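Step one of this worksheet: look at the structure below.
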Number of protein chains: 2
Amino acid sequence: MRQTFDDHADPAFGREHLPLIRAEMARQGLDGFVIPHEDEHQNEYLPDANERLAWATGFTGSAGAAVVMADKAAVFVDGRYTLQAQDQTDPALFERLDFVDGGVPGYLERGVRSGQIIGYDPRLHSPDSLGHMTNAAIRSGATLKPVTVNPVDAAWGQARPAQPAAPVTPYLLDHAGEDSAAKRTRIGAELAKAGADLAVLTSPSSIAWLFNVRGGDVIRAPLPLGQAILRADGSARLFLDPAKVTDDLGAWLGNAVTLETPDALPSALSEMKGQRVLIDPAQSSAWYFDALQTAGAQVIRGADPCALPRACKNATEIEGSRQAHHRDGAAMVRFLNWLATDAQTSLPDEIEVVTKLEALREATGALKDLSFDTIAGAGSNGAIVHYHPTHRTNRRVEPGQLLLVDSGGQYLDGTTDITRTVAIGEPSAEMADRFTRVLKGHITLGRIRFPAGTTGSALDALARQPLWMAGLDFDHGTGHGVGAYLSVHEGPHRIAKAPSTVALRPGMIVSNEPGYYKTGGFGIRIEVLQVVTPASDVDGGERPMLGFEVLTLAPHDRRLIVADLLSGEERDWLNAYHARVLAEIGPLVEPAIQVWLTEACAPI
Amino acid sequence: MRQTFDDHADPAFGREHLPLIRAEMARQGLDGFVIPHEDEHQNEYLPDANERLAWATGFTGSAGAAVVMADKAAVFVDGRYTLQAQDQTDPALFERLDFVDGGVPGYLERGVRSGQIIGYDPRLHSPDSLGHMTNAAIRSGATLKPVTVNPVDAAWGQARPAQPAAPVTPYLLDHAGEDSAAKRTRIGAELAKAGADLAVLTSPSSIAWLFNVRGGDVIRAPLPLGQAILRADGSARLFLDPAKVTDDLGAWLGNAVTLETPDALPSALSEMKGQRVLIDPAQSSAWYFDALQTAGAQVIRGADPCALPRACKNATEIEGSRQAHHRDGAAMVRFLNWLATDAQTSLPDEIEVVTKLEALREATGALKDLSFDTIAGAGSNGAIVHYHPTHRTNRRVEPGQLLLVDSGGQYLDGTTDITRTVAIGEPSAEMADRFTRVLKGHITLGRIRFPAGTTGSALDALARQPLWMAGLDFDHGTGHGVGAYLSVHEGPHRIAKAPSTVALRPGMIVSNEPGYYKTGGFGIRIEVLQVVTPASDVDGGERPMLGFEVLTLAPHDRRLIVADLLSGEERDWLNAYHARVLAEIGPLVEPAIQVWLTEACAPI
């Protein structure tokens, strides 16, 4: 079993750890200290050693922050984590605040006094986020002070887990689809075009993609934690802990890439005087910018040059993703069949649901890891957007409830992520109405055609419109980018309310996952992954358009669909999708399940 | 007659004026010079004296730029003006380039050589736009050099018109709805909250709004050109040419506002050492930032503090706009009746169309100005998005054509802007299909409900979706903000593809104007103004939603509507709108026209 159901953190963490952190703050002369979720690698998923926010507060979500003052503290989360933060943190110790109400900068503006000294660890903040904090501190008259020793690390002391050192291995061409040398030449040419001599790369996803390697430093994503310097001529220096370096890695990387230890990185930066260095202020921490400035480098602030090419999957990666989705789809269909049959009579609890689904994915024989810990929420647990069952919260599903299951697998040929919402027993009219509205938005976003240059933020409202018209909405993005056997949340593109300047381009994989959550009642989410493709021509069409090919193949629960709420076009789309599920997944599953799938995919 | 049909510029301008500009460039040691459309006031509409781009190139659109090099030149326009720029500029002298392909920065990156010196007038560029130019010049190795004497002004010499000096008059409370002192106190408090001692205001719209005055320095908008300094305590200094100051202005402004001459502004800025000064880098030119830096002021870069409050109209302004739209709607209905009856048999030319409409607006007795020169395009002229007929281009409308008329009036109680597209004779099936798709997008955007925090860029795709699905699109924004007896194009909000961070708020007036343009064929645009309002509650709705109240009242041409393409909800919306037009405008027009209107507004 890859997943556990123990609480990784405890609401008591705040009571136990805040005094230790405050003692360290006092020792360093700090009135406050900012604890972001992000670590040195600015990555969403962290090794245990870097779960500083969880250790300080008890909150284990994948995004958030805290500010600890001598006499008070606050935790900041987004709408996905509102309920979870309330559950995991101690209200006597922490104000629980929403990012949309100003976040850490808002707190630094209104929650601190003039003259107070607020510490931050420059290795953990991007210059962009530090800029917002600095502006806020100017307004309140507080001073932001970089620390050398992070008070959380000092307080954590010996109890802190070791840094990970999983082996870094080649990611072969039959999955990567493009040679690392070719990638480096192409990105190097982009550097030259941007007027840069070299780029400093700190994103684990970019390093994995550029060098065609995979690692295991972070749970749920095959990422190697490290840094790299790429020169405009395509040669590179790769900084990796020697403990991670496997025997065949040097030969795989070739002569144009030198392998060095992380210790060598500061001196490498210090030798960049006069060099034009591209580095991403949204991705690399302020520490790098300080180091480059000290060295006298000419810093060019720009997007990580690997981010966009990495996001636009090549034909091999897309075909790999299709294969992974067929395999994963068959496991999902077996799971949904179990839910629709055995589990309707002998009702499982949430942990049994998760265990069953993991076993079915494991049985494919190809599972490298899960994409993330499975979200399985029955009844009101489904309304907690990123709920993971633990022994403490585990609940048996009951007739009349909805069960929301959001899960995914990491396979060598691709990363999957799927959410289905299933009725246990008879759903209420309200549940079906809400489900159908979510489905309408999902379909509208699935079948949309759009011109080149369109961003995900321009498409977001299409998925929300049926909810908005009913006075409803959901508090998370509609879609996130997904890596190719990399991170399941991977930009630079996404489909969300927040304004984006990144246009959707052919080859980008993005989720389509509108939802609806009734606090204390039930949760609904419908998610597939889809890849941006050139849209087929239509009669009289004048402009080339882009569209989506759905990758994820598994049926939607027909008992939750109010057919009359669908337009003719929506119904046609749904029936065509279900026909495709049956045609492509049917042959992969056992005959009895095939029979069930035929019914589950019958036209509406 | 307020409008003329002479060409304001000539394609020969380039041939006549480029040599003069190049001689001035050579005298100043410049290899190139950037000529933006924007003037010292960063305003869309310019006094004749500041129409530098038109004088240099012949192009008279309301947005654009040029770069003049010793041996070549380029004009940059957006999609609205592609055809117009081709018509108005000499292809032997100018490359005609699109803003989306990099604009002036792209040209400075790829079109100039390392070592070349490119001049710019710091009074005409915002720091934001200058920043993009500077980054581009770094990439090409060129140097940007601020000029003291603008080479265009020097070349123009005695022929250049004088600066305007229209009287500045009070805008009374029964239209403004809020006392200037109250506005200044409220904005002053915002300054204090932002940590600023004072703000430098250079937007003519903001000055008009804040001081409750109107002027006439710019055609088609009652704007006074000037500058102001607002202190956090609500007191202010207003810099206006004494020639504009009317007798009663001092008393109207009161003791807390001192009237000064524009000459006093540089020294006012030079005395701001140590002061925390808020100024808008997207609105105020680089010259101000240079002056404040030289003075040793602490510059706080932030949005013009008047922009958002000005955009959120108060109850008096909204009621005024309703009144203006009733008056204007009656004139439009008379005009549409004329087009549908007399003009279908005795076919007018475009200038006659414009003349007729202006006469009908003038006959209201309340017209202060037009909002802009009327766009009236028959047949293929309709496909030129911002086409204004001139004696050179004037065309008689013909049976089987569409006539696109986009117009508006400036009234003391409000600014209007309406587009209707009318079939002359029998429209083709293609015309009706395209019109109906545009109408579907228009209706979807008109009836949408959306949560607080939603930006116009999030709603834009709703109006394009029916076109996108057919492989079509249009190359302009879907909606622009509109002032209250101020500029007809007025932010900070808009509905467009370009990402925006400005949420739509109650009281904001915005146009809803999708279109479709078939080059060489016909043009379609459907436009109303609508105001953001709290949406009425719906059964089961959980969140407060915003919506739109349509202000503009005039029928759509039913002969262009394919009823079968509309959903039931769209049809209901259209019928309810037409019923409202009949109920509210019917009583204002002559009995014969009322009879026609009843038919024009019959349910579909």
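Going through the structure tokens in order, the chains are called A, B, and so on, while each chain numbers its residues from 1 and the ligands are numbered from 1 in the order shown.
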Can you tell me, as a compact mmCIF listing (two decimals) with C-alpha atoms, in the first residue's frame, what residues are no more than 7 Å from Ser285 (chain B) when counting only C-alpha atoms, ignoring any on the same chain fewer than 2 positions away?
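Result file follows (result.txt):
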```
# COMPACT_ATOMS: atom_id res chain seq x y z
CA PRO B 122 9.57 61.28 -22.35
CA ARG B 123 6.41 63.42 -22.10
CA LEU B 124 4.59 61.01 -24.43
CA HIS B 125 5.41 57.57 -22.99
CA SER B 126 4.24 56.03 -19.75
CA PRO B 127 6.99 54.33 -17.75
CA GLN B 283 -1.23 56.80 -16.95
CA TRP B 287 8.61 62.81 -17.60
CA TYR B 288 6.79 62.98 -14.23
```
For chain B, which residues have at least one atom within 7 Å of chain A, if we go by only C-alpha atoms? Write them as a list in words, please.
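Every residue meeting the condition is included here: Arg139, Ala194, Gly195, Ile448, Arg449, Phe450, Ser457, Ala458, Leu459, Asp460, Ala461, Leu462, Trp468, Met469, Ala470, Gly471, Leu472, Lys497, Pro499, Ser500, Thr501, Val538, Gly541, Glu542, Arg543, Pro544 and Met545 of chain B.
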Show which residues sit within 7 Å of region 162-170 of chain A, as a PyMOL selection string. Count only C-alpha atoms, and ignore same-chain residues fewer than 3 positions away.
chain A and resi 47+49+212-217+224+243-246+249+252
May I have the selected residues written with all heavy atoms, as a short mmCIF file (atom, residue, chain, number, x, y, z; two decimals), in the first residue's frame?
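New file result_10.cif:
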```cif
data_model
loop_
_atom_site.label_atom_id
_atom_site.label_comp_id
_atom_site.auth_asym_id
_atom_site.auth_seq_id
_atom_site.Cartn_x
_atom_site.Cartn_y
_atom_site.Cartn_z
N PRO A 47 9.71 17.34 0.19
CA PRO A 47 10.21 16.25 1.01
C PRO A 47 9.85 16.53 2.47
O PRO A 47 9.64 17.69 2.85
CB PRO A 47 11.73 16.31 0.79
CG PRO A 47 12.01 17.69 0.32
CD PRO A 47 10.78 18.17 -0.39
N ALA A 49 11.49 16.73 5.04
CA ALA A 49 12.41 17.65 5.71
C ALA A 49 12.02 19.10 5.53
O ALA A 49 12.42 19.97 6.32
CB ALA A 49 13.83 17.43 5.19
N ASN A 212 16.29 14.82 -19.48
CA ASN A 212 15.68 13.48 -19.64
C ASN A 212 16.09 12.54 -18.51
O ASN A 212 16.64 11.45 -18.75
CB ASN A 212 16.01 12.86 -21.01
CG ASN A 212 15.20 13.49 -22.13
OD1 ASN A 212 14.17 14.12 -21.89
ND2 ASN A 212 15.67 13.34 -23.36
N VAL A 213 15.87 13.01 -17.30
CA VAL A 213 16.10 12.17 -16.12
C VAL A 213 14.86 12.23 -15.23
O VAL A 213 14.03 13.12 -15.36
CB VAL A 213 17.34 12.64 -15.30
CG1 VAL A 213 18.62 12.50 -16.13
CG2 VAL A 213 17.16 14.08 -14.81
N ARG A 214 14.75 11.26 -14.35
CA ARG A 214 13.70 11.29 -13.34
C ARG A 214 14.34 10.93 -12.01
O ARG A 214 15.38 10.24 -11.97
CB ARG A 214 12.56 10.31 -13.66
CG ARG A 214 11.76 10.66 -14.92
CD ARG A 214 11.02 11.99 -14.82
NE ARG A 214 10.18 12.27 -15.97
CZ ARG A 214 10.57 12.95 -17.05
NH1 ARG A 214 11.81 13.43 -17.13
NH2 ARG A 214 9.73 13.16 -18.04
N GLY A 215 13.74 11.40 -10.92
CA GLY A 215 14.26 11.13 -9.59
C GLY A 215 13.15 10.68 -8.67
O GLY A 215 12.07 10.27 -9.13
N GLY A 216 13.37 10.78 -7.37
CA GLY A 216 12.34 10.34 -6.44
C GLY A 216 12.44 11.08 -5.11
O GLY A 216 12.09 10.55 -4.08
N ASP A 217 12.91 12.33 -5.17
CA ASP A 217 13.12 13.08 -3.92
C ASP A 217 11.82 13.53 -3.29
O ASP A 217 11.76 13.83 -2.10
CB ASP A 217 13.99 14.31 -4.19
CG ASP A 217 15.43 13.91 -4.52
OD1 ASP A 217 15.84 12.82 -4.07
OD2 ASP A 217 16.12 14.67 -5.20
N PRO A 224 13.85 15.03 -9.45
CA PRO A 224 15.14 15.14 -8.80
C PRO A 224 15.29 16.58 -8.28
O PRO A 224 15.11 17.53 -9.04
CB PRO A 224 16.12 14.90 -9.95
CG PRO A 224 15.40 15.42 -11.17
CD PRO A 224 13.92 15.34 -10.89
N ALA A 243 25.05 11.42 -3.78
CA ALA A 243 24.33 10.23 -3.33
C ALA A 243 23.20 9.84 -4.29
O ALA A 243 22.73 8.71 -4.28
CB ALA A 243 23.75 10.47 -1.93
N LYS A 244 22.75 10.81 -5.11
CA LYS A 244 21.65 10.52 -6.04
C LYS A 244 22.15 10.03 -7.39
O LYS A 244 21.36 9.56 -8.20
CB LYS A 244 20.83 11.79 -6.30
CG LYS A 244 20.25 12.45 -5.08
CD LYS A 244 19.46 13.69 -5.52
CE LYS A 244 19.06 14.51 -4.32
NZ LYS A 244 18.37 15.75 -4.68
N VAL A 245 23.44 10.22 -7.64
CA VAL A 245 23.95 9.97 -8.98
C VAL A 245 24.15 8.48 -9.21
O VAL A 245 24.95 7.84 -8.53
CB VAL A 245 25.28 10.74 -9.19
CG1 VAL A 245 25.87 10.40 -10.55
CG2 VAL A 245 25.03 12.24 -9.06
N THR A 246 23.41 7.92 -10.15
CA THR A 246 23.53 6.50 -10.47
C THR A 246 24.69 6.30 -11.45
O THR A 246 25.13 7.24 -12.12
CB THR A 246 22.22 5.98 -11.08
OG1 THR A 246 21.82 6.88 -12.13
CG2 THR A 246 21.13 5.94 -10.03
N LEU A 249 24.50 7.51 -15.11
CA LEU A 249 23.98 8.87 -15.35
C LEU A 249 24.95 9.72 -16.17
O LEU A 249 24.52 10.44 -17.10
CB LEU A 249 23.67 9.56 -14.01
CG LEU A 249 22.83 10.82 -14.14
CD1 LEU A 249 21.45 10.51 -14.71
CD2 LEU A 249 22.68 11.51 -12.78
N TRP A 252 24.77 8.88 -19.77
CA TRP A 252 23.47 9.31 -20.30
C TRP A 252 23.47 10.81 -20.59
O TRP A 252 22.94 11.27 -21.59
CB TRP A 252 22.38 8.95 -19.29
CG TRP A 252 21.00 9.43 -19.65
CD1 TRP A 252 20.27 10.36 -18.99
CD2 TRP A 252 20.21 9.01 -20.76
NE1 TRP A 252 19.06 10.55 -19.60
CE2 TRP A 252 19.00 9.73 -20.71
CE3 TRP A 252 20.40 8.08 -21.80
CZ2 TRP A 252 17.98 9.57 -21.64
CZ3 TRP A 252 19.39 7.92 -22.74
CH2 TRP A 252 18.20 8.66 -22.65
#
```
Contact residues around Glu358 (chain B) with only C-alpha atoms at 10 Å, ignoring same-chain residues under 6 positions, as a PyMOL selection string:
chain B and resi 1-3+331-332+335+352+367+369-370+373-374+407-409
Just want the 9 Å neighbourhood of Glu178 (chain B), counted on only C-alpha atoms, with same-chain residues fewer than 3 positions away dropped. Output as number ranges by chain.
B: 173-175, 181-183, 212, 314, 316
Export, as a PDB file, in the first residue's frame, the selected residues with C-alpha atoms.
```pdb
ATOM      1  CA  LEU B 173     -24.361  68.258  -8.287  1.00  0.00           C
ATOM      2  CA  ASP B 174     -27.654  67.197  -9.873  1.00  0.00           C
ATOM      3  CA  HIS B 175     -25.539  65.437 -12.489  1.00  0.00           C
ATOM      4  CA  ALA B 181     -15.047  67.981  -1.386  1.00  0.00           C
ATOM      5  CA  ALA B 182     -16.561  64.620  -0.487  1.00  0.00           C
ATOM      6  CA  LYS B 183     -14.746  62.954  -3.378  1.00  0.00           C
ATOM      7  CA  ASN B 212     -16.703  68.220 -10.799  1.00  0.00           C
ATOM      8  CA  ASN B 314     -23.216  56.697  -8.133  1.00  0.00           C
ATOM      9  CA  THR B 316     -27.339  60.039  -9.658  1.00  0.00           C
TER      10      THR B 316
END
```
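From CA of Val581 (chain A) back to CA of Gln530 (chain A), the distance works out to 14.2 Å.
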Just how far from CA of Asn394 (chain A) is CA of Val354 (chain A), in Å to one decimal?
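Computing it gives 10.8 Å between the two atoms.
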Based on DSSP run over this structure's backbone, return all residues of region 245-463 of chain A in strand (DSSP E), as a VMD selection string.
chain A and resid 257 to 260 276 to 279 298 to 301 367 to 370 375 to 378 402 to 407 409 to 411 414 to 415 418 to 423 450 to 451
Give me, please, the distance in Å between CA of Leu486 (chain B) and CA of Arg220 (chain B), quoted to one decimal.
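Value for the CA of Leu486 (chain B)-CA of Arg220 (chain B) distance: 9.0 Å.
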Identify, on the basis of only C-alpha atoms, every residue whose closest approach to Leu201 (chain B) does not exceed 9 Å; exclude the query and any residue fewer than 4 positions from it along the same chain; express the result as a list in words.
Ser206, Ile207, Gly226, Gln227, Ala228, Ile229, Leu230, Leu278, Ile279, Asp280, Gln283, Ser284, Asp304, Pro305 and Cys306 of chain B
Hey, what's within 9 Å of Leu597 (chain B) if we count only C-alpha atoms and toss same-chain stuff fewer than 4 positions away? As a PDB file with N, CA and C atoms, in the first residue's frame, please?
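What ended up in selection22.pdb:
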```pdb
ATOM      1  N   VAL B 333     -34.429  55.283 -32.423  1.00  0.00           N
ATOM      2  CA  VAL B 333     -35.617  54.613 -32.974  1.00  0.00           C
ATOM      3  C   VAL B 333     -36.134  55.388 -34.182  1.00  0.00           C
ATOM      4  N   ASN B 337     -36.249  53.701 -37.784  1.00  0.00           N
ATOM      5  CA  ASN B 337     -37.503  53.734 -38.538  1.00  0.00           C
ATOM      6  C   ASN B 337     -37.265  54.317 -39.937  1.00  0.00           C
ATOM      7  N   PRO B 555     -34.314  48.678 -31.051  1.00  0.00           N
ATOM      8  CA  PRO B 555     -34.519  47.300 -31.517  1.00  0.00           C
ATOM      9  C   PRO B 555     -33.380  46.787 -32.402  1.00  0.00           C
ATOM     10  N   VAL B 581     -37.898  47.865 -24.767  1.00  0.00           N
ATOM     11  CA  VAL B 581     -37.677  48.965 -25.723  1.00  0.00           C
ATOM     12  C   VAL B 581     -39.015  49.602 -26.079  1.00  0.00           C
ATOM     13  N   LEU B 582     -39.986  48.746 -26.383  1.00  0.00           N
ATOM     14  CA  LEU B 582     -41.303  49.255 -26.788  1.00  0.00           C
ATOM     15  C   LEU B 582     -41.951  50.037 -25.644  1.00  0.00           C
ATOM     16  N   ILE B 585     -39.430  53.331 -24.854  1.00  0.00           N
ATOM     17  CA  ILE B 585     -39.159  54.290 -25.928  1.00  0.00           C
ATOM     18  C   ILE B 585     -40.433  54.598 -26.715  1.00  0.00           C
ATOM     19  N   GLY B 586     -41.328  53.624 -26.810  1.00  0.00           N
ATOM     20  CA  GLY B 586     -42.575  53.825 -27.556  1.00  0.00           C
ATOM     21  C   GLY B 586     -43.265  55.144 -27.229  1.00  0.00           C
ATOM     22  N   ALA B 592     -46.750  57.266 -35.677  1.00  0.00           N
ATOM     23  CA  ALA B 592     -46.434  56.398 -36.818  1.00  0.00           C
ATOM     24  C   ALA B 592     -45.197  55.558 -36.517  1.00  0.00           C
ATOM     25  N   ILE B 593     -44.272  56.192 -35.852  1.00  0.00           N
ATOM     26  CA  ILE B 593     -43.044  55.467 -35.507  1.00  0.00           C
ATOM     27  C   ILE B 593     -43.339  54.432 -34.423  1.00  0.00           C
ATOM     28  N   CYS B 601     -40.491  45.327 -32.447  1.00  0.00           N
ATOM     29  CA  CYS B 601     -40.255  44.723 -31.128  1.00  0.00           C
ATOM     30  C   CYS B 601     -41.134  43.502 -30.882  1.00  0.00           C
ATOM     31  N   ALA B 602     -41.827  43.036 -31.897  1.00  0.00           N
ATOM     32  CA  ALA B 602     -42.698  41.867 -31.717  1.00  0.00           C
ATOM     33  C   ALA B 602     -41.869  40.657 -31.293  1.00  0.00           C
TER      34      ALA B 602
END
```
Residues of region 335-531 of chain B classed as helix (DSSP H, G or I) by DSSP on the backbone are to be reported as a ChimeraX atom specification.
/B:335-340,342-345,350-362,379-383,429-447,456-468
